[in-house]
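Notes follow the structure.
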Amino acid sequence: MAKKKRPAGKATMKTSAPAAPTQVSPPTQLHDETATIGWLRQMMREFLEERNWHKYHLPRNLAASISVEAGELLELFQWITPEEARERCAADAAFRKAVGEELCDVLMYCMSLANAMDLDVARTVAAKMQKNREKYPAEKFFGHYERPLGS
């Protein structure tokens with residue numbers, strides 16, 4: 001029996017049909033004030049489940065992906081001055097959209113890393129910000145930055 005060729009660019013498919021999406025509903029009015037970290041994490045979980053990609057979303061792979069996507073975000077600002085960047089961010093809709101898409105890629109890989117490692121993002125951020133407050137007290141660093149020695 002001859003082997004069937006897989007279409008170019010297609011990953012190996014599961015033998016059974018994918019389950020119907022169980023997409024988590026977005027908050028009624030979707031914006032930053034109503035969306036939660038939990039909702040973002042669940043959205044990423046469902047995206048992976050629908051594609052059977054969990055095997056690829058390992059901490060090392062996700063850390064690399066975050067770095068790659070952050071590089072793509074930085075590339076949008078390559079060769080332009082801070083003033084040009086400020087102007088484009090304010091006035092160029094296509095540029096803002098491109099920045100937003102790369103920012104989204106970074107953020108969603110971060111959500112997937114949190115999922116893969118079972119990290120509580122809110123607690124982790126709060127603990128790190130407390131550490132930063134102690135390392136960079138406002139009364140000493142107000143209006144300027146100087147890296148503390150030994151850091």
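Ordering of the structure tokens sets the chain letters (A, B, ...); residue numbers start at 1 within each chain; ligands are numbered from 1 in the order shown.
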
Go through region 117-147 of chain A and flag each residue having an atom no more than 10 Å from region 25-47 of chain A; for those, report the closest pair of atoms plus their distance in Å to one decimal, using only C-alpha atoms, ordered by chain and rising number, as CSV.
residue,atom,partner,partner_atom,distance
A:Asp120,CA,A:Gly38,CA,9.4
A:Val121,CA,A:Ile37,CA,7.5
A:Ala122,CA,A:Ile37,CA,7.8

Generate a file of the selected residues that holds C-alpha atoms, formatted as an mmCIF file, in the first residue's frame.
data_model
loop_
_atom_site.group_PDB
_atom_site.id
_atom_site.type_symbol
_atom_site.label_atom_id
_atom_site.label_comp_id
_atom_site.auth_asym_id
_atom_site.auth_seq_id
_atom_site.Cartn_x
_atom_site.Cartn_y
_atom_site.Cartn_z
ATOM 1 C CA ASP A 120 0.690 32.434 39.689
ATOM 2 C CA VAL A 121 1.425 35.538 37.621
ATOM 3 C CA ALA A 122 -0.236 38.039 39.971
#

Query raised in the report: Counting only C-alpha atoms, what is within 9 Å of Ala63 (chain A), bar same-chain residues fewer than 5 positions away, as a PyMOL selection string?
Result: chain A and resi 58+68+109-110+113

Writing out the chosen residues with C-alpha atoms as a compact mmCIF listing (two decimals), in the first residue's frame:
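And here's out14.txt as it stands now:
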# COMPACT_ATOMS: atom_id res chain seq x y z
CA LEU A 58 7.76 23.51 27.18
CA VAL A 68 12.34 35.75 19.48
CA TYR A 109 3.95 33.28 25.15
CA CYS A 110 4.40 34.64 28.69
CA LEU A 113 5.02 29.87 30.11

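A straight line drawn from CA of Glu69 (chain A) to CA of Ser112 (chain A) is 13.6 Å long.
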
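For the choices A:Arg147, A:Ala70, A:Leu48, A:His54, the atom-to-atom distance to Asn132 (chain A) is smallest for A:Arg147 when using only C-alpha atoms.
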
**Report entry** Surrounding residues of region 78-85 of chain A excluding itself and chain neighbours under 6 positions, 12 Å, only C-alpha atoms, as a list in words
**Finding:** Gly71, Glu72, Ala91, Asp92, Phe95, Arg96 and Val99 of chain A

Please save C-alpha atoms of the selected residues as a compact mmCIF listing (two decimals), in the first residue's frame.
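For reference, again.txt as written:
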# COMPACT_ATOMS: atom_id res chain seq x y z
CA GLY A 71 13.31 40.70 19.02
CA GLU A 72 10.56 41.10 16.42
CA ALA A 91 0.12 58.91 14.41
CA ASP A 92 0.76 55.77 12.32
CA PHE A 95 2.76 50.88 12.97
CA ARG A 96 0.63 50.81 16.14
CA VAL A 99 3.59 46.89 17.57

Query - Gly100 (chain A) environment, 10 Å, only C-alpha atoms, sequence neighbours closer than 6 positions dropped, as a list in words - result: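 The filter keeps Leu73, Ala94 and Val106 of chain A.
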
Could you please take those selected residues and save C-alpha atoms as a short mmCIF file (atom, residue, chain, number, x, y, z; two decimals), in the first residue's frame?
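So the final result, stored in selection-v4.cif, reads:
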data_model
loop_
_atom_site.label_atom_id
_atom_site.label_comp_id
_atom_site.auth_asym_id
_atom_site.auth_seq_id
_atom_site.Cartn_x
_atom_site.Cartn_y
_atom_site.Cartn_z
CA LEU A 73 9.02 43.83 18.55
CA ALA A 94 -0.33 50.52 10.76
CA VAL A 106 5.26 38.23 23.68
#

Report task. Using only C-alpha atoms, pick whichever of A:Pro59, A:Ile66, A:Cys89, A:Leu149 has the shortest atom-to-atom distance to Asn115 (chain A). Result ->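 Counting only C-alpha atoms, the residue closest to Asn115 (chain A) is A:Pro59.
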
Report task. Could you pull out the residues in chain A that DSSP calls alpha helix (DSSP H) from the backbone, as a ChimeraX atom specification? Result -> /A:37-51,59-75,82-91,93-117,121-135,138-141

Query raised in the report: In Å to one decimal, how far is CA of Gln130 (chain A) from CA of His144 (chain A)?
Result: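 About the pair CA of His144 (chain A) and CA of Gln130 (chain A): they are 19.1 Å apart.
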
Query raised in the report: With only C-alpha atoms as the basis for distance, which of A:Ala138, A:Leu76, A:Met117, A:Leu62 is at the shortest distance from Glu101 (chain A)?
Result: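 For Glu101 (chain A), the nearest of the candidates is A:Leu76.
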